[in-house]
Structures are given as C-alpha cells and as structure tokens.
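Structure file query16.tsv (TSV, C-alpha atoms) is printed below.
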chain	number	residue	atom	x	y	z
D	1	MET	CA	0.00	0.00	0.00
D	2	GLN	CA	1.36	3.40	-0.99
D	3	MET	CA	1.12	5.80	1.90
D	4	LYS	CA	0.29	9.44	1.59
D	5	SER	CA	2.03	10.32	4.83
D	6	PRO	CA	3.13	8.51	7.96
D	7	SER	CA	-0.10	9.46	9.71
D	8	SER	CA	-2.49	8.85	6.83
D	9	LEU	CA	-3.04	5.67	4.85
D	10	ALA	CA	-5.18	7.22	2.15
D	11	SER	CA	-3.60	6.90	-1.28
D	12	ASP	CA	-6.68	7.20	-3.50
D	13	GLY	CA	-8.88	9.58	-1.53
D	14	THR	CA	-10.64	6.73	0.28
D	15	PRO	CA	-9.49	6.33	3.87
D	16	VAL	CA	-9.10	2.82	5.22
D	17	ASN	CA	-12.18	1.75	7.15
D	18	GLY	CA	-12.47	-2.02	7.43
D	19	LEU	CA	-11.15	-5.31	8.75
D	20	MET	CA	-7.47	-6.12	8.37
D	21	PRO	CA	-5.18	-8.94	9.58
D	22	VAL	CA	-3.47	-8.23	12.90
D	23	ASP	CA	0.00	-8.36	11.34
D	24	ALA	CA	-0.93	-5.74	8.74
D	25	VAL	CA	-2.36	-3.47	11.43
D	26	ALA	CA	0.86	-3.82	13.43
D	27	ASP	CA	2.81	-2.73	10.34
D	28	LEU	CA	0.61	0.34	9.95
D	29	ILE	CA	1.13	1.28	13.59
D	30	ARG	CA	4.90	0.91	13.24
D	31	ALA	CA	4.73	3.15	10.15
D	32	GLY	CA	3.22	5.89	12.33
D	33	ALA	CA	-0.43	5.74	11.21
D	34	CYS	CA	-3.13	7.32	13.44
D	35	LEU	CA	-5.75	4.63	13.88
D	36	SER	CA	-9.01	3.83	15.61
D	37	LEU	CA	-9.12	0.07	16.21
D	38	ALA	CA	-11.64	-2.50	17.37
D	39	GLY	CA	-11.35	-6.23	17.85
D	40	ARG	CA	-11.04	-9.07	20.29
D	41	LYS	CA	-8.81	-8.55	23.31
D	42	GLU	CA	-6.19	-11.04	22.14
D	43	ALA	CA	-5.88	-9.14	18.85
D	44	LEU	CA	-5.53	-5.72	20.46
D	45	ASP	CA	-3.12	-7.10	23.09
D	46	ALA	CA	-0.85	-8.25	20.26
D	47	LEU	CA	-0.43	-4.79	18.72
D	48	PRO	CA	2.61	-2.57	19.25
D	49	ALA	CA	2.44	0.82	20.93
D	50	GLY	CA	1.73	3.72	18.64
D	51	ARG	CA	-0.74	6.38	17.66
D	52	TRP	CA	-3.96	4.46	18.14
D	53	ILE	CA	-6.99	4.05	20.36
D	54	GLY	CA	-9.08	0.92	20.56
D	55	GLY	CA	-11.84	-1.05	22.18
D	56	THR	CA	-13.00	-4.63	22.35
D	57	SER	CA	-15.76	-6.06	20.19
D	58	PRO	CA	-15.89	-9.16	17.99
D	59	TYR	CA	-18.94	-7.84	16.10
D	60	PHE	CA	-18.80	-5.66	12.98
D	61	MET	CA	-20.86	-4.41	10.11
D	62	THR	CA	-18.97	-4.55	6.82
D	63	ALA	CA	-19.94	-3.83	3.23
D	64	GLU	CA	-20.54	-7.55	2.78
D	65	GLY	CA	-22.65	-7.90	5.92
D	66	GLY	CA	-22.41	-8.40	9.65
D	67	ARG	CA	-19.35	-10.33	10.86
D	68	ILE	CA	-18.18	-11.98	14.07
D	69	VAL	CA	-14.41	-11.98	13.81
D	70	THR	CA	-11.69	-14.15	15.29
D	71	GLY	CA	-8.63	-12.84	17.08
D	72	GLN	CA	-6.81	-12.66	13.74
D	73	GLU	CA	-8.56	-9.53	12.48
D	74	VAL	CA	-8.91	-5.95	13.66
D	75	PHE	CA	-11.25	-3.24	12.40
D	76	VAL	CA	-9.21	-0.22	11.32
D	77	THR	CA	-10.32	3.35	10.73
D	78	ASP	CA	-7.62	5.65	9.39
D	79	LEU	CA	-8.08	8.76	11.50
D	80	GLY	CA	-5.02	10.42	10.01
D	81	ALA	CA	-6.83	10.70	6.69
D	82	ILE	CA	-9.69	12.57	8.36
D	83	GLY	CA	-7.81	15.21	10.34
D	84	ASP	CA	-5.04	15.97	12.77
D	85	VAL	CA	-5.24	13.57	15.69
D	86	SER	CA	-4.32	13.84	19.35
D	87	ILE	CA	-5.04	11.14	21.92
D	88	GLY	CA	-6.32	11.54	25.47
D	89	ILE	CA	-7.46	9.33	28.31
D	90	TYR	CA	-9.98	10.29	30.97
D	91	GLY	CA	-11.29	8.95	34.26
D	92	ALA	CA	-14.91	8.90	35.36
D	93	ASP	CA	-14.54	12.26	37.10
D	94	GLU	CA	-12.95	13.96	34.10
D	95	LEU	CA	-15.47	13.22	31.38
D	96	GLU	CA	-16.52	16.78	30.61
D	97	GLN	CA	-12.95	17.37	29.46
D	98	ILE	CA	-13.59	15.05	26.50
D	99	SER	CA	-15.52	17.80	24.73
D	100	GLY	CA	-13.75	20.53	26.69
D	101	GLU	CA	-10.40	19.56	25.16
D	102	ALA	CA	-11.80	18.70	21.72
D	103	PRO	CA	-10.81	20.86	18.74
D	104	ASP	CA	-12.93	23.86	17.75
D	105	GLN	CA	-13.38	22.31	14.31
D	106	GLY	CA	-13.62	18.54	14.34
D	107	PHE	CA	-14.83	15.99	16.85
D	108	ALA	CA	-13.89	13.74	19.74
D	109	LEU	CA	-14.03	9.98	19.11
D	110	ALA	CA	-14.49	8.29	22.48
D	111	VAL	CA	-14.42	4.61	23.47
D	112	ILE	CA	-15.89	3.63	26.85
D	113	PRO	CA	-15.93	0.13	28.42
D	114	ALA	CA	-19.40	-1.35	28.89
D	115	GLY	CA	-20.50	-1.61	32.49
D	116	SER	CA	-17.84	0.77	33.80
D	117	ARG	CA	-18.37	3.80	36.01
D	118	CYS	CA	-17.29	5.92	33.04
D	119	HIS	CA	-20.14	4.36	31.05
D	120	ALA	CA	-22.71	5.23	33.69
D	121	GLU	CA	-21.39	8.74	34.35
D	122	PHE	CA	-21.17	9.66	30.66
D	123	ALA	CA	-24.65	8.26	30.00
D	124	LYS	CA	-26.22	10.34	32.74
D	125	ASN	CA	-24.36	13.59	32.22
D	126	ALA	CA	-22.99	13.95	28.68
D	127	ALA	CA	-25.64	16.39	27.49
D	128	THR	CA	-24.87	18.74	30.39
D	129	TYR	CA	-21.13	19.11	29.70
D	130	PRO	CA	-20.43	22.78	28.86
D	131	MET	CA	-18.97	22.11	25.40
D	132	ALA	CA	-21.15	19.10	24.53
D	133	PHE	CA	-22.82	20.76	21.55
D	134	MET	CA	-19.99	23.07	20.52
D	135	ARG	CA	-17.37	20.33	20.16
D	136	PRO	CA	-19.24	17.11	19.45
D	137	THR	CA	-18.36	13.74	20.86
D	138	VAL	CA	-19.10	10.53	18.99
D	139	GLY	CA	-17.98	7.03	19.78
D	140	TRP	CA	-18.94	3.70	21.17
D	141	ILE	CA	-19.24	1.48	24.19
D	142	SER	CA	-16.80	-1.41	23.90
D	143	GLY	CA	-18.10	-4.91	24.52
D	144	TYR	CA	-17.23	-8.57	24.35
D	145	ASP	CA	-18.26	-11.88	22.86
D	146	LEU	CA	-21.63	-12.67	24.43
D	147	GLY	CA	-20.92	-16.37	24.01
D	148	GLU	CA	-17.74	-16.17	26.08
D	149	PRO	CA	-18.40	-16.68	29.82
D	150	GLY	CA	-16.64	-14.17	32.03
D	151	ALA	CA	-15.60	-11.88	29.19
D	152	SER	CA	-15.50	-8.14	29.81
D	153	ALA	CA	-15.08	-4.89	27.92
D	154	TRP	CA	-11.78	-3.02	27.49
D	155	VAL	CA	-10.44	0.13	25.91
D	156	TYR	CA	-6.87	0.74	24.80
D	157	ASP	CA	-4.53	3.70	24.89
D	158	GLY	CA	-2.30	2.74	21.98
D	159	ARG	CA	0.45	5.13	23.05
D	160	SER	CA	1.36	2.58	25.72
D	161	GLY	CA	-0.69	-0.35	24.48
D	162	ALA	CA	-2.32	-0.51	27.92
D	163	ALA	CA	-5.87	-1.79	28.36
D	164	PHE	CA	-8.32	-0.20	30.78
D	165	ALA	CA	-11.62	-1.43	32.21
D	166	ASP	CA	-12.77	1.95	33.51
D	167	ARG	CA	-11.22	4.77	31.52
D	168	VAL	CA	-12.29	6.56	28.35
D	169	VAL	CA	-9.84	6.72	25.47
D	170	VAL	CA	-10.37	9.57	23.05
D	171	ALA	CA	-8.99	10.59	19.68
D	172	HIS	CA	-9.49	14.30	19.15
D	173	VAL	CA	-9.74	14.77	15.38
D	174	ALA	CA	-9.16	18.36	14.22
D	175	PHE	CA	-10.31	19.70	10.86
D	176	GLY	CA	-9.28	22.90	9.12
D	177	ASP	CA	-11.50	25.97	9.44
D	178	ASP	CA	-13.30	25.08	6.21
D	179	ALA	CA	-14.93	21.87	7.48
D	180	ASP	CA	-17.51	20.91	10.09
D	181	ALA	CA	-18.24	17.59	11.76
D	182	LEU	CA	-21.77	16.46	10.97
D	183	ILE	CA	-23.08	13.97	13.50
D	184	GLU	CA	-25.99	11.93	12.17
D	185	ILE	CA	-27.98	8.95	13.39
D	186	VAL	CA	-30.08	6.28	11.72
D	187	ASN	CA	-32.77	5.00	14.08
D	188	ILE	CA	-35.14	2.49	12.53
D	189	PHE	CA	-37.45	2.70	15.56
D	190	ALA	CA	-40.32	5.14	15.97
D	191	PRO	CA	-42.75	5.60	18.87
D	192	GLU	CA	-45.77	3.34	18.62
D	193	GLY	CA	-48.04	6.29	19.32
D	194	GLU	CA	-50.05	4.64	22.10
D	195	ASP	CA	-48.86	5.62	25.59
D	196	VAL	CA	-46.70	8.51	26.80
D	197	ILE	CA	-44.29	7.35	29.51
D	198	ARG	CA	-42.43	9.74	31.80
D	199	PHE	CA	-39.89	9.18	34.55
D	200	ASP	CA	-39.15	11.17	37.71
D	201	GLU	CA	-35.43	10.44	37.95
D	202	THR	CA	-32.42	9.94	35.70
D	203	GLY	CA	-31.28	6.34	35.78
D	204	PHE	CA	-30.74	2.93	34.25
D	205	THR	CA	-33.16	1.19	36.64
D	206	PRO	CA	-36.38	3.18	36.77
D	207	ARG	CA	-38.76	1.69	39.31
D	208	TRP	CA	-41.68	4.00	38.75
D	209	CYS	CA	-43.09	5.90	35.82
D	210	THR	CA	-46.25	7.67	34.76
D	211	VAL	CA	-48.17	6.32	31.78
D	212	ASN	CA	-50.51	8.92	30.29
D	213	GLY	CA	-50.33	10.65	33.68
D	214	GLU	CA	-51.07	7.55	35.77
D	215	ARG	CA	-48.36	6.39	38.19
D	216	ARG	CA	-47.28	2.81	37.47
D	217	ARG	CA	-44.53	0.47	38.53
D	218	PHE	CA	-42.42	0.38	35.37
D	219	ALA	CA	-41.85	-3.39	35.48
D	220	ASP	CA	-45.59	-3.97	35.69
D	221	TYR	CA	-46.15	-1.73	32.69
D	222	VAL	CA	-43.48	-3.51	30.65
D	223	MET	CA	-45.03	-6.88	31.45
D	224	ALA	CA	-48.56	-5.65	30.78
D	225	ARG	CA	-47.46	-4.43	27.38
D	226	GLY	CA	-45.66	-7.69	26.62
D	227	ARG	CA	-42.37	-5.88	25.97
D	228	GLN	CA	-40.17	-8.03	28.23
D	229	ALA	CA	-38.33	-9.60	25.24
D	230	GLY	CA	-36.31	-6.39	24.95
D	231	ASP	CA	-36.28	-6.17	21.17
D	232	LEU	CA	-38.24	-2.91	21.15
D	233	PRO	CA	-36.60	0.05	22.93
D	234	LEU	CA	-38.11	2.99	24.67
D	235	VAL	CA	-37.96	5.94	22.28
D	236	GLY	CA	-37.40	9.34	23.88
D	237	ASP	CA	-38.52	12.54	22.19
D	238	PHE	CA	-35.61	14.99	22.29
D	239	ALA	CA	-37.15	17.93	20.40
D	240	GLY	CA	-38.02	15.59	17.56
D	241	ALA	CA	-34.90	13.42	17.68
D	242	HIS	CA	-35.62	9.81	18.57
D	243	VAL	CA	-33.23	8.70	21.33
D	244	ASN	CA	-33.58	5.07	22.39
D	245	ALA	CA	-33.12	3.41	25.76
D	246	SER	CA	-33.15	-0.37	25.37
D	247	LEU	CA	-34.28	-2.97	27.87
D	248	LYS	CA	-31.46	-5.08	29.31
D	249	SER	CA	-33.36	-7.23	31.78
D	250	ILE	CA	-36.56	-7.42	33.75
D	251	ASP	CA	-37.21	-9.19	37.03
D	252	ALA	CA	-40.96	-9.38	37.25
D	253	ALA	CA	-40.92	-10.86	40.76
D	254	ALA	CA	-38.70	-8.13	42.13
D	255	GLY	CA	-40.40	-5.48	40.03
D	256	THR	CA	-37.16	-4.17	38.54
D	257	VAL	CA	-36.12	-3.24	35.03
D	258	GLU	CA	-32.58	-2.53	33.88
D	259	LEU	CA	-31.90	-0.44	30.78
D	260	TYR	CA	-28.82	-0.09	28.56
D	261	ALA	CA	-29.11	3.70	28.71
D	262	PRO	CA	-30.65	5.98	31.31
D	263	VAL	CA	-34.03	7.61	31.03
D	264	PHE	CA	-34.40	11.29	31.92
D	265	PRO	CA	-37.10	13.36	33.63
D	266	GLY	CA	-38.86	15.82	31.36
D	267	VAL	CA	-38.64	13.59	28.30
D	268	ASP	CA	-41.64	11.88	26.73
D	269	TYR	CA	-40.98	8.20	26.08
D	270	ALA	CA	-42.95	5.51	24.27
D	271	PHE	CA	-42.22	1.95	23.34
D	272	ALA	CA	-41.11	1.56	19.74
D	273	ALA	CA	-43.47	0.18	17.17
D	274	PRO	CA	-42.46	-3.30	15.96
D	275	VAL	CA	-39.93	-3.53	13.14
D	276	GLY	CA	-40.41	-6.58	10.94
D	277	ASP	CA	-37.31	-6.36	8.78
D	278	TYR	CA	-34.29	-4.70	10.43
D	279	ALA	CA	-32.01	-5.04	7.41
D	280	GLY	CA	-34.66	-3.76	5.02
D	281	SER	CA	-35.46	-0.84	7.32
D	282	PHE	CA	-31.77	0.13	7.50
D	283	ARG	CA	-31.33	-0.23	3.75
D	284	GLU	CA	-34.37	1.98	3.16
D	285	ALA	CA	-33.24	4.61	5.67
D	286	LEU	CA	-29.69	4.62	4.35
D	287	SER	CA	-30.69	4.78	0.70
D	288	THR	CA	-31.75	8.41	1.05
D	289	ARG	CA	-28.71	9.52	3.07
D	290	SER	CA	-25.65	11.30	1.83
D	291	PHE	CA	-22.40	9.60	2.75
D	292	ASP	CA	-20.21	12.33	1.31
D	293	GLY	CA	-17.30	12.73	3.65
D	294	ALA	CA	-18.41	9.82	5.85
D	295	ALA	CA	-15.54	9.11	8.21
D	296	TRP	CA	-16.67	6.78	10.98
D	297	SER	CA	-19.71	4.76	11.97
D	298	CYS	CA	-20.99	2.23	14.47
D	299	ASN	CA	-24.16	0.24	15.02
D	300	CYS	CA	-25.72	-1.53	17.99
D	301	ILE	CA	-25.29	-5.12	19.12
D	302	LEU	CA	-29.05	-5.34	19.72
D	303	ASN	CA	-29.74	-4.47	16.09
D	304	PHE	CA	-27.12	-7.05	15.09
D	305	LEU	CA	-28.73	-9.75	17.24
D	306	PHE	CA	-32.46	-9.03	17.01
D	307	GLY	CA	-32.10	-8.10	13.32
D	308	LYS	CA	-30.05	-11.23	12.58
D	309	LEU	CA	-27.56	-9.10	10.66
D	310	GLU	CA	-24.68	-11.62	10.63
D	311	GLY	CA	-23.97	-12.15	6.93
D	312	VAL	CA	-26.55	-9.54	5.94
D	313	ALA	CA	-25.53	-6.26	4.28
D	314	ILE	CA	-27.46	-3.10	5.14
D	315	GLY	CA	-25.48	-0.41	3.32
D	316	GLY	CA	-23.94	2.64	4.87
D	317	LEU	CA	-20.47	2.80	6.33
D	318	ALA	CA	-18.69	-0.18	7.92
D	319	GLY	CA	-17.88	-0.04	11.61
D	320	PRO	CA	-17.90	-1.77	14.97
D	321	VAL	CA	-21.06	-3.24	16.44
D	322	THR	CA	-21.24	-1.90	19.95
D	323	PHE	CA	-22.76	-2.09	23.42
D	324	GLY	CA	-23.91	1.51	23.13
D	325	GLU	CA	-23.44	4.31	20.65
D	326	ILE	CA	-22.40	7.90	21.27
D	327	ALA	CA	-23.64	10.91	19.36
D	328	TYR	CA	-23.32	13.82	21.79
D	329	GLN	CA	-24.80	11.45	24.42
D	330	LEU	CA	-25.33	7.72	24.86
D	331	LEU	CA	-27.75	6.06	22.44
D	332	ASN	CA	-29.05	2.52	22.05
D	333	GLN	CA	-30.11	0.50	18.99
D	334	THR	CA	-28.94	3.26	16.68
D	335	MET	CA	-26.42	3.68	13.86
D	336	VAL	CA	-24.14	6.70	14.24
D	337	VAL	CA	-22.31	8.29	11.32
D	338	VAL	CA	-19.76	11.13	11.37
D	339	ARG	CA	-19.25	13.11	8.19
D	340	LYS	CA	-16.69	15.77	7.37
D	341	ALA	CA	-18.52	18.46	5.46
V	1	MET	CA	-28.13	34.79	5.64
V	2	SER	CA	-25.97	35.63	8.63
V	3	ILE	CA	-27.08	35.33	12.22
V	4	PRO	CA	-28.31	38.36	14.22
V	5	ALA	CA	-25.85	40.25	16.42
V	6	PRO	CA	-25.37	39.02	20.00
V	7	SER	CA	-27.37	42.02	21.25
V	8	SER	CA	-30.41	41.16	19.13
V	9	PRO	CA	-33.61	40.42	21.09
V	10	VAL	CA	-34.06	37.29	19.00
V	11	TRP	CA	-31.70	35.38	21.28
V	12	THR	CA	-33.72	36.24	24.38
V	13	ARG	CA	-36.92	35.21	22.62
V	14	LEU	CA	-35.32	31.91	21.68
V	15	ALA	CA	-34.13	31.40	25.26
V	16	SER	CA	-37.62	32.09	26.58
V	17	GLY	CA	-39.32	29.33	24.62
V	18	GLY	CA	-38.91	30.31	20.99
V	19	LEU	CA	-36.26	27.71	20.36
V	20	SER	CA	-38.77	24.89	20.83
V	21	ARG	CA	-40.68	26.16	17.78
V	22	ILE	CA	-37.78	25.81	15.41
V	23	GLN	CA	-38.17	23.19	12.69
V	24	THR	CA	-34.99	21.13	12.53
V	25	SER	CA	-33.74	17.65	11.89
V	26	HIS	CA	-30.19	18.55	12.94
V	27	LEU	CA	-29.37	16.15	15.78
V	28	GLY	CA	-27.14	18.48	17.77
V	29	THR	CA	-29.69	21.27	17.60
V	30	GLN	CA	-32.50	18.96	18.70
V	31	MET	CA	-30.49	17.75	21.67
V	32	LEU	CA	-29.47	21.30	22.59
V	33	ILE	CA	-33.12	22.37	22.54
V	34	LYS	CA	-33.95	19.60	24.99
V	35	ARG	CA	-30.98	20.45	27.20
V	36	LEU	CA	-32.04	24.10	27.39
V	37	GLU	CA	-35.67	23.16	27.99
V	38	LEU	CA	-34.61	21.15	31.05
V	39	SER	CA	-31.94	23.58	32.22
V	40	PRO	CA	-32.52	25.84	35.25
V	41	ALA	CA	-30.05	28.40	33.86
V	42	PRO	CA	-31.31	32.02	33.67
V	43	PRO	CA	-32.58	33.23	30.27
V	44	ALA	CA	-29.56	35.47	29.72
V	45	ALA	CA	-27.21	32.51	30.06
V	46	LYS	CA	-29.37	30.43	27.74
V	47	ALA	CA	-29.48	33.27	25.21
V	48	ALA	CA	-25.69	33.48	25.22
V	49	GLU	CA	-25.39	29.73	24.76
V	50	ILE	CA	-27.85	29.77	21.85
V	51	TYR	CA	-25.99	32.65	20.17
V	52	ASN	CA	-22.64	30.90	20.57
V	53	TYR	CA	-24.12	27.68	19.18
V	54	PHE	CA	-25.53	29.33	16.07
V	55	ALA	CA	-22.35	31.34	15.55
V	56	LYS	CA	-20.34	28.11	15.66
V	57	TRP	CA	-22.62	26.03	13.42
V	58	GLU	CA	-23.99	28.77	11.13
V	59	ARG	CA	-22.57	27.03	8.05
V	60	SER	CA	-24.44	23.78	8.78
V	61	LEU	CA	-27.68	25.40	9.94
V	62	ALA	CA	-28.83	27.52	7.00
V	63	ASN	CA	-32.41	26.25	7.29
V	64	GLU	CA	-32.51	26.95	11.02
V	65	VAL	CA	-30.87	30.38	10.71
V	66	ALA	CA	-33.50	31.34	8.15
V	67	GLN	CA	-36.19	30.73	10.80
V	68	LEU	CA	-34.63	32.78	13.59
V	69	ALA	CA	-36.23	36.13	12.80
V	70	ARG	CA	-39.77	34.78	12.92
V	71	LEU	CA	-39.48	32.71	16.09
Let's see the structure in the file written out as structure tokens.
Amino acid sequence: MQMKSPSSLASDGTPVNGLMPVDAVADLIRAGACLSLAGRKEALDALPAGRWIGGTSPYFMTAEGGRIVTGQEVFVTDLGAIGDVSIGIYGADELEQISGEAPDQGFALAVIPAGSRCHAEFAKNAATYPMAFMRPTVGWISGYDLGEPGASAWVYDGRSGAAFADRVVVAHVAFGDDADALIEIVNIFAPEGEDVIRFDETGFTPRWCTVNGERRRFADYVMARGRQAGDLPLVGDFAGAHVNASLKSIDAAAGTVELYAPVFPGVDYAFAAPVGDYAGSFREALSTRSFDGAAWSCNCILNFLFGKLEGVAIGGLAGPVTFGEIAYQLLNQTMVVVRKA
Amino acid sequence: MSIPAPSSPVWTRLASGGLSRIQTSHLGTQMLIKRLELSPAPPAAKAAEIYNYFAKWERSLANEVAQLARL
C-alpha cells in the first residue's frame, strides 16, 4: 500500500475503514499511522504501541454484511486521513474534558468500556457538559463476545498499548477551518403512538413511571405491554430526535427493570413500534442519506442480534457493532455516522 | 443569511421558549433544545449559549438560521 504520509493511509482519496489482519495493522502502527481500532482482546493485546486508540468487540458491520471476527482480524479506521489527531485518556470524574479539550473544528471519538463507572457517568451527564454541543463527541461502548463466559469490555490507549476497564480513550480529530463535523444517526425505531411514559429520575433502573399521567410500577407496565423480550426500545422525544433506551433485563418478581441507557425526567418516552425487517429498514433509511465525507460509523449489538444481521448487508459505512453508541450522548439500537462536510 | 448580532432580542426570545418552535432535523440542535428546555439556567445565560451555538454552526444550519427572525 502506498502511503500518503506517515499518519495517513489514504492513497486514493478513500481512507481505510475495514477489517485487516493483525499483522498488517501492526505494520501500519509501526509506520506511524493514526488509527481507531476495534477487535477481540487477544488481537488488540498483540499490537505494538503507537498512535492508536481501541476497544473490544468481535462484532462488525462490513460492506458484505455483519461479521463476528476471530482474534486474527482488527477493524481499522484511518483517523489520520480525516484530520489531525491527538489522543487523550480520561477517568470517570474527568469526562466533561472530552468535549472541553476537543478541537474547535472537528470531533472527539471516544471509546468507553461497557459496564464501567465511566459508562454510567457519561450516560447520565454527557448532554450537560459545557462544550457538549460546541465540540461534538461521537464514539462507542466497547463490549465482548456474548458467548464467552466471564468476558468483559476493554479500551486501549495505543500510546502505551495498555488496556483499561474503567477509563475513556479519546482521539481528538481536528479539521481545518473550512470543514464541520456532521453527526448523524439512523434510528429504525419510531414511537408506537399509544402511551406517553415519563420518569421522575435519571437512571438505568427506573422503578416507577407515569403512563398517560397515571403512576405505574415500570416493570408492571413492561409486562402488561408484553415488551419483556427487549427487542423494542423505549424511544425518547428529544425535540423531535428519537433517542432510544433499550431494555437489558426485567425481574418481574422483584419489580425491577434494567436499561442499557438511562431515562431522563422531562422527556416523553414511548415503546417503539415493531420492526419486521431490520435489514430492510436500515437499507431503506440509508438509501436516502448522503455519505459524502463519511468518516466513521458504528451500530448496535441489539440491532445485530435481534435483526439477525450476521452475513446480511445493510449499506452505509462499515464499523464496529457496539454495546452503546455515542452521538453527543449515549444512544441505544442506533447507527451513528460522522461526516466531514 | 448571517445570524443576528449578540445584542439582538431574537436570542432572548429563543431562550424564553422560541427555540422549541424551530423546525430542525439537525441532531445536535435537537439535543441542545432539549438540554435548554430542562436547564434551570437564567434566560440570559441560555441566550448566550444559543448565540454561541448558532455562531459556531452557522454554516451547517442555513435552514434553522432562516427561521430565527420569525421565532
């Protein structure tokens, strides 16, 4: 591969964004490329130190369809072809610095381990960070192979090659003054239009809610509506934007529900209307979208699993399949796309 | 169309409820509207935040900027 510069792999105007063998990725790192990486832990552990960030996931969407990879492949996005890159790492009490230290023109690409305190803190507070909407943050929640008992999520600071279970790694990608970062989402779910659900507190485990003004135990409502399978998320109305919070588990006896993203007071929620054909819905939604300048994307593990997307192509940009998606704040069951425009 | 000056009363009107009437499919703008709706910050602080937001994203928000004067 002919390289444009040590920090950029692009030789034909198309930045690298796809799966590559571990050995080839190691060569790119040694050549000085600035990379965003995703793969199994054994693959990321095998890489040399360099200018990269990473997170664990064995699940990916590619042009050919959904893939579950082995430890021999890593998903590579060539950040050096998109802009000037600097790398940072943040603890759970430093998360507002992710956007605070982001470039004026460009974006922050953040990777957060699933189930960590960073995950919970970012999910609850991201929209309140002072620079959240001036210097956008996108990214993903790293995960693990759901068929692997005891597995857990990790992120990597490639400068040392160290893995972290409760830190956020960030690539700040700076553009010139003539370009903006456009953060877009593709959400195939829409409110069913039946009940309006509201919550009194921010949290992942809401115990109580109001349904059309009537106070209900949330678990009872979920069961009464037959939504305990978890394939249909809650859809929050954020001034017209549909922001999902997906069901992780329900314990009917204990009356508890756990979500993959928090719900917020002051937001109208509804269960999503059923989606019969996930892949077809994505293909339809993506067919009308512009992908000019598309630089990075991710999609949700729940879409991958409930939509049976392994081996099925949906269009759009390739990227990791994740345990949560970030577009300004945490999302669920949503595709996120960043474009340079 | 450029955005009104920081001293324009349009920013105070937007901070006092006008922003919720804007027609937009721009994700960041939608989320900002919700944040400001839920925020206890005083109107002057919200107005400054809205001005700074539109000044930053003016290039990407032509449709929204065109609506500002009538909100």
Near chain V, which residues of chain D fall within 9 Å when you count all atoms listed in the file, and what do they look like as number ranges by chain? D: 104, 127-128, 132-134, 136, 180, 182-185, 237-241, 265-267, 327-329, 341
Pro4 in chain V: which residues within 12 Å, counting all atoms listed in the file, same-chain residues fewer than 2 positions away excluded, as a PyMOL selection string? chain V and resi 1-2+6-12+50-52+54-55+58+65-69
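Across the model, the gap from CA of Ala190 in chain D to CA of Asn244 in chain D is 9.3 Å.
Excluding Glu42 in chain D and any residue on its chain fewer than 6 positions from it, the residues at most 12 Å away by all atoms listed in the file are Val22, Gly55, Thr56, Ser57, Pro58, Val69, Thr70, Gly71, Gln72, Glu73, Val74, Tyr144, Ala151, Trp154 and Ala163 of chain D.
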If I take CA of Val76 in chain D and CA of Leu19 in chain D, how far is one from the other in Å, to one decimal? 6.0 Å
Which of these, D:Val337, D:Val257, D:Leu302, D:Ile326, has the shortest distance to Arg289 in chain D once you count all atoms listed in the file? D:Val337
Compare D:Leu47, D:Val263, D:Ala174, D:Ala102 by their minimum atom-to-atom distance to Trp208 in chain D, counting all atoms listed in the file, and give me the closest one. D:Val263
From the set D:Arg30, D:Arg283, D:Lys308, D:Arg215, which residue has the shortest atom-to-atom contact distance to Arg198 in chain D, counting only C-alpha atoms? D:Arg215
Just to confirm, what's the straight-line distance from CA of Val211 in chain D to CA of Gln228 in chain D in Å (one decimal)? 16.8 Å
Enclosing box along x, y and z for every listed atom of range 45-55 of chain V, padded 5 Å each side, centre and size in Å, one decimal, as AutoDock Vina command-line options:
--center_x -25.9 --center_y 30.6 --center_z 22.8 --size_x 17.1 --size_y 15.8 --size_z 24.5
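In this comparison, which uses only C-alpha atoms, the residue of D:Ala224, D:Leu309, D:Leu247, D:Val336 approaching Leu109 in chain D most closely is D:Val336.
Near Arg225 in chain D, within a cut-off of 12 Å and counting only C-alpha atoms, sit the residues Glu192, Glu194, Asp195, Val211, Phe218, Ala219, Leu232, Ala270, Phe271, Ala272 and Ala273 of chain D, with same-chain residues fewer than 6 positions away left out.
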